[in-house]
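Asker: Sending over a structure as structure tokens; questions will come in a sec.
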Amino acid sequence: MAETLFIADIHLDERHPALIEAFQTFLTRRVKYSAGLYILGDLFEFWHGDDENNLVYLEILRSLKNITSNGVPIYFIRGNRDFLVGKGFAQQTGCQLLDDEVVINLNKINILLMHGDNLCTDDLAYQKWKKWRLKPHNQYIQKFYLMLPLFVRRFVSRQVRQKSRQETQKKSREIMDVSQQTVEEIMQKYQVTHLIHGHTHRPNHHKFKLNQDVAHRFVLDAWYERGNALIFNGQDFHLEYF
């Protein structure tokens with residue numbers, strides 16, 4: 001059985017060509033021969049809109065399209081850095097955009113997938129910002145924002161990232177991690193015993209009792225130090241670094 005791959009928090013950035021090269025190699029050497037790839041958010045350090053014309057990023061889109069055109073499906077869940085990914089991105093890459101929370105079935109195992117930021121409910125400031133961004137009337141604000149010139153959006157994103165880094169330094173690691181209570185509540189909501197997410201950059205395989213079952217929470221690692229993916233071979237999961 002061909003492997004199914006899961007990644008998150010790659011944070012592709014033109015300022016880090018080695019990271020981009022590693023991702024391109026991953027596509028051609030692993031994804032090309034897999035059963036499919038799930039990208040669980042933050043593929044880019046920041047996505048400014050589907051009219052992005054950066055040549056480096058456009059090459060990444062072409063590489064994704066090359067994979068999907070050869071029959072390997074790629075699924076994409078938006079993260080907090082690339083929530084502006086839209087239909088244009090999907091058309092250019094052939095990726096299938098998924099909801100923020102989605103349940104898939106692999107070999108009779110129901111698995112809940114998400115980026116993971118909605119599990120960090122102890123970070124009240126972040127959750128307030130996310131709730132504001134996702135309110136229906138703010139979709140019009142997003143549309144207005146995307147009408148701004150690309151160079152203006154790039155400037156805004158730099159300011160947002162700088163402020164985000166400053167705010168992150170003030171918060172404890174515990175606040176920025178997931179809430180176990182929230183994890184259990186959302187797994188019970190979807191009636192699953194397997195959850196895969198990223199966002200926290202704290203790779204691990206957590207096992208715990210959920211009702212009468214053993215539950216599994218797989219946390220994906222960021223690509224800051226080295227590439228990695230969670231691999232499902234049809235029977236077992238394992239995190240592989242390369």
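FYI, nothing fancy with the structure tokens labels: chains A, B, ... in order, residues from 1 per chain, ligands from 1 as they appear.
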Quick one: everything within 10 Å of Leu106 of chain A, counting only C-alpha atoms, minus sequence neighbours fewer than 6 positions away in the same chain. Send it as a PDB file with C-alpha atoms, in the first residue's frame.

Answerer:
ATOM      1  CA  THR A   4      -0.038   8.769   2.758  1.00  0.00           C
ATOM      2  CA  PHE A 232       0.855   6.355   7.256  1.00  0.00           C
ATOM      3  CA  ASN A 233       1.762   3.048   5.594  1.00  0.00           C
ATOM      4  CA  GLY A 234      -1.680   1.501   5.842  1.00  0.00           C
ATOM      5  CA  GLN A 235      -1.166   0.120   9.328  1.00  0.00           C
TER       6      GLN A 235
END

Asker: Leaving out Ile74 of chain A and any residue of its chain fewer than 4 positions from it, which residues lie within 12 Å of it when counting only C-alpha atoms, given as a PyMOL selection string?

Answerer: chain A and resi 4-7+27+31-32+34-40+61+63-70+90+93-98

Asker: List every residue of segment 62-99 of chain A that has an atom at most 12 Å from any atom of segment 144-151 of chain A, and for each one report the closest atom pair and its distance in Å to one decimal, counting only C-alpha atoms, with rows sorted by chain and then by increasing residue number, as JSON lines.

Answerer:
{"residue": "A:Leu84", "atom": "CA", "partner": "A:Leu146", "partner_atom": "CA", "distance": 8.6}
{"residue": "A:Val85", "atom": "CA", "partner": "A:Leu146", "partner_atom": "CA", "distance": 11.0}
{"residue": "A:Gly86", "atom": "CA", "partner": "A:Leu146", "partner_atom": "CA", "distance": 11.0}

Asker: Quick one: write out the picked residues with N, CA and C atoms as an mmCIF file, in the first residue's frame?

Answerer:
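Dumped to part-v8.cif:
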data_model
loop_
_atom_site.group_PDB
_atom_site.id
_atom_site.type_symbol
_atom_site.label_atom_id
_atom_site.label_comp_id
_atom_site.auth_asym_id
_atom_site.auth_seq_id
_atom_site.Cartn_x
_atom_site.Cartn_y
_atom_site.Cartn_z
ATOM 1 N N LEU A 84 -5.296 33.282 3.487
ATOM 2 C CA LEU A 84 -5.781 33.963 2.284
ATOM 3 C C LEU A 84 -5.683 33.087 1.034
ATOM 4 N N VAL A 85 -5.224 31.850 1.195
ATOM 5 C CA VAL A 85 -5.234 30.916 0.069
ATOM 6 C C VAL A 85 -6.673 30.719 -0.395
ATOM 7 N N GLY A 86 -6.893 30.816 -1.712
ATOM 8 C CA GLY A 86 -8.250 30.723 -2.233
ATOM 9 C C GLY A 86 -8.360 29.879 -3.469
#

Asker: If we count only C-alpha atoms, what is near Asp177 of chain A at a cut-off of 10 Å, once residues fewer than 5 positions away on the same chain are taken out, given as a PDB file with N, CA and C atoms, in the first residue's frame?

Answerer:
ATOM      1  N   GLY A 116      -4.534  23.272  13.787  1.00  0.00           N
ATOM      2  CA  GLY A 116      -4.236  23.104  15.204  1.00  0.00           C
ATOM      3  C   GLY A 116      -4.359  24.358  16.038  1.00  0.00           C
ATOM      4  N   ASP A 117      -4.435  25.528  15.396  1.00  0.00           N
ATOM      5  CA  ASP A 117      -4.469  26.756  16.187  1.00  0.00           C
ATOM      6  C   ASP A 117      -5.761  26.892  16.987  1.00  0.00           C
ATOM      7  N   LEU A 119      -7.027  24.695  18.722  1.00  0.00           N
ATOM      8  CA  LEU A 119      -6.903  23.893  19.944  1.00  0.00           C
ATOM      9  C   LEU A 119      -6.209  24.662  21.067  1.00  0.00           C
ATOM     10  N   CYS A 120      -5.589  25.781  20.711  1.00  0.00           N
ATOM     11  CA  CYS A 120      -4.828  26.569  21.696  1.00  0.00           C
ATOM     12  C   CYS A 120      -5.750  27.570  22.378  1.00  0.00           C
ATOM     13  N   THR A 121      -6.760  27.072  23.056  1.00  0.00           N
ATOM     14  CA  THR A 121      -7.802  27.935  23.605  1.00  0.00           C
ATOM     15  C   THR A 121      -7.358  28.705  24.849  1.00  0.00           C
ATOM     16  N   ASP A 122      -6.197  28.358  25.415  1.00  0.00           N
ATOM     17  CA  ASP A 122      -5.692  29.128  26.555  1.00  0.00           C
ATOM     18  C   ASP A 122      -5.060  30.443  26.107  1.00  0.00           C
ATOM     19  N   ASP A 123      -4.743  30.539  24.824  1.00  0.00           N
ATOM     20  CA  ASP A 123      -4.190  31.774  24.270  1.00  0.00           C
ATOM     21  C   ASP A 123      -5.369  32.665  23.875  1.00  0.00           C
ATOM     22  N   SER A 172       3.926  32.411  27.609  1.00  0.00           N
ATOM     23  CA  SER A 172       4.555  31.180  28.085  1.00  0.00           C
ATOM     24  C   SER A 172       4.296  30.057  27.102  1.00  0.00           C
ATOM     25  N   HIS A 199       0.933  23.476  13.864  1.00  0.00           N
ATOM     26  CA  HIS A 199       0.835  24.791  14.483  1.00  0.00           C
ATOM     27  C   HIS A 199       1.750  25.001  15.680  1.00  0.00           C
ATOM     28  N   THR A 200       1.803  24.064  16.622  1.00  0.00           N
ATOM     29  CA  THR A 200       2.550  24.302  17.854  1.00  0.00           C
ATOM     30  C   THR A 200       4.050  24.077  17.706  1.00  0.00           C
ATOM     31  N   HIS A 201       4.460  23.392  16.631  1.00  0.00           N
ATOM     32  CA  HIS A 201       5.879  23.073  16.390  1.00  0.00           C
ATOM     33  C   HIS A 201       6.445  22.194  17.502  1.00  0.00           C
ATOM     34  N   ARG A 202       5.623  21.345  18.081  1.00  0.00           N
ATOM     35  CA  ARG A 202       6.044  20.455  19.168  1.00  0.00           C
ATOM     36  C   ARG A 202       5.727  19.013  18.781  1.00  0.00           C
TER      37      ARG A 202
END

Asker: Just to confirm, what's the straight-line distance from atom CA of Phe44 of chain A to atom CA of Val152 of chain A in Å (one decimal)?

Answerer: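 Separating atom CA of Phe44 of chain A from atom CA of Val152 of chain A is a distance of 18.1 Å.
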
Asker: Using DSSP assignments from the backbone, pull out every residue in segment 5-179 of chain A that falls under strand (DSSP E or B) and give it to me as a PyMOL selection string.

Answerer: chain A and resi 5-7+12+36-39+44+74-76+96-97+101-106+109-114

Asker: Selected residues, N, CA and C atoms, written as a CSV table (one decimal), in the first residue's frame, please.

Answerer:
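Wrote it out as out.csv, contents follow:
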chain,number,residue,atom,x,y,z
A,5,LEU,N,1.0,10.9,3.2
A,5,LEU,CA,1.9,11.8,3.9
A,5,LEU,C,1.2,13.0,4.5
A,6,PHE,N,1.6,13.5,5.6
A,6,PHE,CA,1.1,14.6,6.3
A,6,PHE,C,2.2,15.6,6.7
A,7,ILE,N,2.0,16.9,6.3
A,7,ILE,CA,3.0,17.9,6.7
A,7,ILE,C,2.3,19.2,7.2
A,12,LEU,N,7.5,28.3,3.9
A,12,LEU,CA,8.4,28.6,2.8
A,12,LEU,C,8.5,30.1,2.6
A,36,GLY,N,-0.9,10.1,-1.6
A,36,GLY,CA,-1.5,11.5,-1.4
A,36,GLY,C,-0.7,12.3,-0.3
A,37,LEU,N,-0.9,13.6,-0.4
A,37,LEU,CA,-0.2,14.5,0.6
A,37,LEU,C,-1.3,15.4,1.2
A,38,TYR,N,-1.3,15.5,2.5
A,38,TYR,CA,-2.1,16.5,3.2
A,38,TYR,C,-1.2,17.5,3.8
A,39,ILE,N,-1.5,18.8,3.4
A,39,ILE,CA,-0.7,19.9,3.9
A,39,ILE,C,-1.7,20.6,4.9
A,44,PHE,N,3.3,28.4,3.6
A,44,PHE,CA,4.1,29.6,3.3
A,44,PHE,C,4.3,30.4,4.6
A,74,ILE,N,-3.3,16.2,-3.7
A,74,ILE,CA,-2.8,17.0,-2.6
A,74,ILE,C,-3.9,17.8,-2.0
A,75,TYR,N,-4.1,17.7,-0.7
A,75,TYR,CA,-5.1,18.3,0.1
A,75,TYR,C,-4.5,19.4,0.9
A,76,PHE,N,-5.3,20.5,1.1
A,76,PHE,CA,-4.7,21.7,1.7
A,76,PHE,C,-5.7,22.3,2.7
A,96,GLN,N,-6.7,20.4,-3.5
A,96,GLN,CA,-8.1,20.4,-3.1
A,96,GLN,C,-8.1,21.1,-1.7
A,97,LEU,N,-8.8,22.2,-1.6
A,97,LEU,CA,-8.9,22.9,-0.4
A,97,LEU,C,-9.9,22.3,0.5
A,101,GLU,N,-11.6,22.0,9.7
A,101,GLU,CA,-11.7,20.7,10.5
A,101,GLU,C,-12.3,19.7,9.5
A,102,VAL,N,-11.6,18.6,9.3
A,102,VAL,CA,-12.2,17.6,8.4
A,102,VAL,C,-11.8,16.2,8.9
A,103,VAL,N,-12.7,15.2,8.7
A,103,VAL,CA,-12.5,13.8,9.1
A,103,VAL,C,-12.3,13.0,7.8
A,104,ILE,N,-11.2,12.3,7.7
A,104,ILE,CA,-10.9,11.4,6.6
A,104,ILE,C,-10.9,10.0,7.1
A,105,ASN,N,-11.0,9.0,6.2
A,105,ASN,CA,-10.9,7.6,6.5
A,105,ASN,C,-9.8,7.0,5.8
A,106,LEU,N,-8.8,6.4,6.5
A,106,LEU,CA,-7.7,5.7,5.8
A,106,LEU,C,-7.7,4.3,6.4
A,109,ILE,N,-9.8,3.7,9.4
A,109,ILE,CA,-9.5,4.6,10.6
A,109,ILE,C,-10.0,6.0,10.3
A,110,ASN,N,-10.9,6.5,11.1
A,110,ASN,CA,-11.4,7.9,11.0
A,110,ASN,C,-10.3,8.8,11.7
A,111,ILE,N,-9.9,9.8,10.9
A,111,ILE,CA,-8.8,10.7,11.4
A,111,ILE,C,-9.3,12.1,11.3
A,112,LEU,N,-9.2,12.9,12.3
A,112,LEU,CA,-9.5,14.3,12.3
A,112,LEU,C,-8.3,15.1,12.0
A,113,LEU,N,-8.4,15.9,10.9
A,113,LEU,CA,-7.3,16.8,10.5
A,113,LEU,C,-7.6,18.3,10.7
A,114,MET,N,-6.6,19.0,11.1
A,114,MET,CA,-6.8,20.5,11.3
A,114,MET,C,-5.4,21.1,11.4

Asker: Please indicate the distance in Å from atom CA of Gly227 of chain A to atom CA of Ile77 of chain A, rounded to one decimal place.

Answerer: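 Separation between atom CA of Gly227 of chain A and atom CA of Ile77 of chain A: 18.8 Å.
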
Asker: So that I can see what lies close to Asn54 of chain A, please list as a list in words the residues with an atom at most 12 Å from it, counting only C-alpha atoms and leaving out residues fewer than 4 positions away in the same chain.

Answerer: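 Counting only C-alpha atoms, the residues come to Asp13, Glu14, Arg15, Trp47, His48, Gly49, Asp50, Leu58, Glu59, Ile60, Leu61, Leu150, Phe151 and Arg154 of chain A.
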
Asker: As a list of chain:residue names, please: the residues near Gly79 of chain A (cut-off 6 Å, only C-alpha atoms, same-chain neighbours under 6 positions excluded).

Answerer: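 After dropping sequence-adjacent residues, the list is A:Gly41, A:Asp42, A:His115.
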
Asker: Would you save the residues from that selection as a CSV table (one decimal), in the first residue's frame, using C-alpha atoms?

Answerer:
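Wrote it out as selection_15.csv, contents follow:
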chain,number,residue,atom,x,y,z
A,41,GLY,CA,-1.5,24.8,7.0
A,42,ASP,CA,1.3,27.3,7.0
A,115,HIS,CA,-4.0,23.1,11.4

Asker: So how many Å separate atom CA of Asp9 of chain A and atom CA of Val219 of chain A, to one decimal?

Answerer: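 So the two atoms, atom CA of Asp9 of chain A and atom CA of Val219 of chain A, lie 10.9 Å apart.
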
Asker: Have a look at A:Asp100, A:Phe46, A:Val72, A:Arg153 and name the one nearest to Thr28 of chain A; count only C-alpha atoms.

Answerer: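 Of the candidates, the smallest distance to Thr28 of chain A is held by A:Val72.
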
Asker: Can you work out which one of A:Asn204, A:Val214, A:Lys209, A:Met187 has the shortest atom-to-atom distance to His238 of chain A, counting only C-alpha atoms?

Answerer: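 Closest to His238 of chain A, using only C-alpha atoms: A:Asn204.
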